[in-house]
Amino acid sequence: MSNITVDGVTKEFGDTVALRDVSFSVPEGEFVIVLGVSGSGKSTLLRCMNGLTSPTRGEIRVDGTPVKDPRKDIAMIFQQHNIIGQMSAYSNALTGSLSRTGLLKSLLQLQDTEEKYRSLDALDTVGLLDESRQRARQMSGGQQQRVGIARALVQRPNILLADEPVASLDPGSSQQVMRYLRQAAKERDLTAAISLHQVNLARKFGERFIGLRNGELVFDGYRDEFSMDVIDEIYGDIDTEGMFEASDDENADEQAVTK
Amino acid sequence: MSTDTAADNQTKTERDSRLQAQFDEIRRGRRIRWLLTGLGITVVLFFFYNALYTTELFQADLPRYFPAFLDALTDYFPFLDFSAFPFVDPGGFGQYWSFIQERNLIYNSSADLTDPSTGGPFALFGVAGLTLAMGFAGTILGFPLALLFGILGSERVMPFPFNFLFRGVMSSIRAIPALVWALIYVPLGGLGPATAVLAIATDTVGNLGRLYTDELEEVEDGPIEAMRTTGASRPQTIVFGMLSQVTTPFIAWTLYIFEINVRIAVTLGIIGGGGLGLILSVQQKLFNFTNMMATILVIIVLIISVEMFSQRVRSRLRADESPEGLLTLLLGFPRRMAESLTK
């Protein structure tokens, strides 16, 4: 169990500002959903949180220590699964234990029996025990994503991050994957941050919600505060969105000039 | 009426001049293009003529020697009989076969399969077995260095200036043909199969390593990032994030290079490396053209067999078929071989 503090994080890619001064903190064991439209900065936020990229300004701390590089106590689940198609579901899950195994041992798959059972247990958690010997490439999208979750669990992290884990799945598989995610986080006392763009899924599974819009934090609250107005605030009215963006951009330009 | 025609004429001349201008422009452009094409062809022809002259093709007096070549042809193909229709004498094939049998070119019935000094299982294929062994040993010997250089030559593993060190070594190796490598190794391994194997191994490092490097450029970032987030070390990230994505193409390229290496083994035999190449060159020097052609036939059989084998394995790897039962594997063998042949 770990807590996360996001402290004034700004991330710029050249002229584009992906995140603008975002701050919030997540206490131990909370299940947080990060909401926003495509391009609102969800992915950038999560990639900053696990150290795949570092923020331009600001800092992210886990249990008080700043995150600089990917760490073994922070597991990540990707939208594109990023599992290794060539290998079996079991071998993929086992790669979660790489940080605890030497190169040669991991190469020859000579991990401790303990780790091997842990992989099978993780596959069981996501309902894929019987498919563990199947090649990952031959599995369905939903199954592949569940292998990704199993790998993250074998890592034995304190924090579970997931970047749009269900974006490329059908509604049924989406619900299933979300259910496995929440169940795993509960059982193993993980602090979790999941980014989503589907409001219905967010409402169904979320405890706490972080709303991002154009890289800015527009909502931070719990289930009872997550109303229709908030959803409008996050997703905006499509018709007016363009205008808001334009004025935002102007402001950004002015800010850039005055700086 | 008359004013109308005048106006018509006027617009016509106006339009004409505009069209005319465009038309002239197009014609000019086309003329220039024709001129340039003509110039290009002239330049190529000029160099072609000089190349022919330099290579003494005009001085060779081909027509004078053509009858002699025809004579040689009847030696090459002893089954050709121009005296009577259908111009084929089946007995001629016997000459090929008797030489192949006499020298154990492709099959050695008295081979001791357990004695490595005579070639072990390779001895079963007689002289062809030696050529095959040269290609095989060279491929396996060159493989580890090819893998190392191939991986370290990739920019995604080795940062920019350093990866070029390994690429440069591979390029230099490739710049020198295997035949020349064999000449270089003669003082080390003598004139024989050992030198040929060393040359093939060196050649493999340059060529196979290059194919590995190219393949690694295609690797996707996703799995690499995923391995980083598990807290894997850098070597582990390279092995699991990158190499695991390319195992299938790596195996396929290795088989492809094995194919080429058996062919190189034939060439190196000609300069003294032994095997089919040596028999070929000796028979050629003795002007035993029938025997020479018999050896060439064996070479064709050997190379095509190796090609079919590697083609078969590669297409199986690519197709990602689920493993079949042994029975279906055996029953489907002729059809699949035929398919590989025509690929």
# chains A, B, ... in the order shown; residues from 1 in each chain; ligands from 1
call {"tool": "interface_residues", "arguments": {"of": "chain A", "to": "chain B", "cutoff": "9 Å", "atoms": "only C-alpha atoms", "output": "JSON, numbers by chain"}}
result
{"A": [50, 51, 52, 69, 70, 71, 72, 73, 74, 75, 76, 77, 78, 80, 81, 82, 83, 84, 85, 86, 87, 95, 96, 97, 98, 99, 100, 101, 102, 103, 106, 107, 151, 152, 155, 157]}
call {"tool": "write_last_selection", "arguments": {"atoms": "N, CA and C atoms", "output": "tab-separated table (two decimals), in the first residue's frame"}}
result
chain	number	residue	atom	x	y	z
A	50	ASN	N	4.15	6.82	-13.46
A	50	ASN	CA	5.01	5.64	-13.30
A	50	ASN	C	6.43	5.86	-13.80
A	51	GLY	N	6.73	7.10	-14.16
A	51	GLY	CA	8.13	7.41	-14.47
A	51	GLY	C	8.56	7.11	-15.89
A	52	LEU	N	7.62	6.77	-16.79
A	52	LEU	CA	8.01	6.56	-18.19
A	52	LEU	C	8.39	7.89	-18.84
A	69	ASP	N	12.12	7.22	-12.42
A	69	ASP	CA	12.21	6.17	-13.43
A	69	ASP	C	11.14	5.13	-13.10
A	70	PRO	N	10.86	4.24	-14.08
A	70	PRO	CA	9.93	3.15	-13.77
A	70	PRO	C	10.43	2.37	-12.55
A	71	ARG	N	9.51	2.03	-11.66
A	71	ARG	CA	9.92	1.32	-10.45
A	71	ARG	C	9.11	0.05	-10.31
A	72	LYS	N	9.68	-0.91	-9.61
A	72	LYS	CA	9.01	-2.20	-9.53
A	72	LYS	C	7.78	-2.15	-8.64
A	73	ASP	N	7.65	-1.12	-7.78
A	73	ASP	CA	6.47	-1.08	-6.91
A	73	ASP	C	5.30	-0.36	-7.59
A	74	ILE	N	5.51	0.11	-8.83
A	74	ILE	CA	4.41	0.71	-9.59
A	74	ILE	C	4.19	-0.11	-10.84
A	75	ALA	N	3.03	-0.77	-10.94
A	75	ALA	CA	2.75	-1.60	-12.11
A	75	ALA	C	1.87	-0.82	-13.07
A	76	MET	N	2.02	-1.10	-14.35
A	76	MET	CA	1.27	-0.36	-15.36
A	76	MET	C	0.56	-1.34	-16.29
A	77	ILE	N	-0.68	-0.99	-16.62
A	77	ILE	CA	-1.43	-1.76	-17.60
A	77	ILE	C	-1.71	-0.83	-18.78
A	78	PHE	N	-1.43	-1.30	-19.99
A	78	PHE	CA	-1.46	-0.41	-21.15
A	78	PHE	C	-2.72	-0.63	-21.98
A	80	GLN	N	-2.77	-0.82	-25.23
A	80	GLN	CA	-2.44	-1.81	-26.27
A	80	GLN	C	-1.86	-3.08	-25.67
A	81	HIS	N	-2.23	-3.40	-24.46
A	81	HIS	CA	-1.80	-4.62	-23.75
A	81	HIS	C	-0.29	-4.68	-23.54
A	82	ASN	N	0.45	-4.51	-24.68
A	82	ASN	CA	1.91	-4.59	-24.63
A	82	ASN	C	2.42	-5.86	-23.99
A	83	ILE	N	1.67	-6.94	-24.18
A	83	ILE	CA	2.22	-8.22	-23.76
A	83	ILE	C	2.98	-8.79	-24.94
A	84	ILE	N	3.73	-9.85	-24.72
A	84	ILE	CA	4.59	-10.37	-25.77
A	84	ILE	C	3.87	-11.52	-26.48
A	85	GLY	N	3.45	-11.25	-27.71
A	85	GLY	CA	2.59	-12.18	-28.45
A	85	GLY	C	3.20	-13.54	-28.66
A	86	GLN	N	4.52	-13.54	-28.79
A	86	GLN	CA	5.26	-14.76	-29.06
A	86	GLN	C	5.15	-15.77	-27.91
A	87	MET	N	4.98	-15.26	-26.68
A	87	MET	CA	5.08	-16.12	-25.51
A	87	MET	C	3.70	-16.52	-25.00
A	95	THR	N	6.90	-12.57	-16.60
A	95	THR	CA	7.78	-11.42	-16.79
A	95	THR	C	7.54	-10.34	-15.73
A	96	GLY	N	6.43	-10.43	-15.03
A	96	GLY	CA	6.20	-9.49	-13.93
A	96	GLY	C	7.22	-9.64	-12.82
A	97	SER	N	7.88	-10.81	-12.76
A	97	SER	CA	8.84	-11.06	-11.68
A	97	SER	C	10.27	-10.72	-12.08
A	98	LEU	N	10.45	-10.07	-13.25
A	98	LEU	CA	11.81	-9.84	-13.75
A	98	LEU	C	12.69	-9.10	-12.77
A	99	SER	N	12.10	-8.13	-12.03
A	99	SER	CA	12.93	-7.32	-11.15
A	99	SER	C	13.49	-8.14	-9.99
A	100	ARG	N	12.90	-9.32	-9.74
A	100	ARG	CA	13.38	-10.14	-8.63
A	100	ARG	C	14.24	-11.31	-9.11
A	101	THR	N	14.48	-11.39	-10.43
A	101	THR	CA	15.21	-12.52	-10.98
A	101	THR	C	16.40	-12.02	-11.79
A	102	GLY	N	17.50	-12.76	-11.77
A	102	GLY	CA	18.67	-12.41	-12.57
A	102	GLY	C	18.42	-12.65	-14.04
A	103	LEU	N	19.31	-12.11	-14.90
A	103	LEU	CA	19.13	-12.22	-16.35
A	103	LEU	C	19.11	-13.67	-16.80
A	106	SER	N	16.10	-15.67	-15.58
A	106	SER	CA	14.85	-15.30	-16.25
A	106	SER	C	14.87	-15.77	-17.70
A	107	LEU	N	16.08	-15.77	-18.31
A	107	LEU	CA	16.23	-16.19	-19.69
A	107	LEU	C	15.87	-17.66	-19.85
A	151	ARG	N	0.26	-9.92	-15.35
A	151	ARG	CA	1.67	-9.54	-15.29
A	151	ARG	C	1.89	-8.46	-14.23
A	152	ALA	N	0.98	-7.47	-14.24
A	152	ALA	CA	1.10	-6.39	-13.27
A	152	ALA	C	0.98	-6.91	-11.84
A	155	GLN	N	4.04	-8.66	-10.48
A	155	GLN	CA	5.05	-7.67	-10.10
A	155	GLN	C	4.98	-7.36	-8.60
A	157	PRO	N	3.09	-5.09	-6.95
A	157	PRO	CA	3.25	-3.65	-6.78
A	157	PRO	C	2.47	-3.15	-5.58
call {"tool": "residues_around", "arguments": {"residues": "A:Val26", "least_positions_apart": "6", "cutoff": "10 Å", "atoms": "only C-alpha atoms", "output": "list in words"}}
result
Ser2, Asn3, Ile4, Thr5, Val6, Val32, Val62, Thr191, Ala192, Ala193 and Arg208 of chain A
call {"tool": "select_by_dssp", "arguments": {"residues": "stretch 112-182 of chain B", "states": "helix (DSSP H, G or I)", "output": "ChimeraX atom specification"}}
result
/B:116-118,120-152,160-175,178-182
call {"tool": "closest_residue", "arguments": {"among": "B:Asp61, B:Glu218, B:Asp203, B:Glu56", "to": "B:Ala265", "atoms": "only C-alpha atoms"}}
result
B:Asp203
call {"tool": "select_by_dssp", "arguments": {"residues": "stretch 111-217 of chain A", "states": "strand (DSSP E or B)", "output": "PyMOL selection string"}}
result
chain A and resi 135+159-163+191-196+208-213+216-217
call {"tool": "residues_around", "arguments": {"residues": "stretch 253-263 of chain B", "least_positions_apart": "5", "cutoff": "9 Å", "atoms": "only C-alpha atoms", "output": "list in words"}}
result
Thr131, Leu132, Ala133, Met134, Gly135, Phe136, Gly138, Thr139, Ile140, Phe143, Ile200, Ala201, Asp203, Thr204, Asn207, Leu208, Leu211, Tyr212, Thr248, Leu268, Ile299, Leu302, Ile303, Val306, Glu307, Ser310, Gln311, Val313 and Arg314 of chain B
call {"tool": "atom_distance", "arguments": {"atom1": "atom CA of A:Gly36", "atom2": "atom CA of A:Leu212"}}
result
5.1 Å
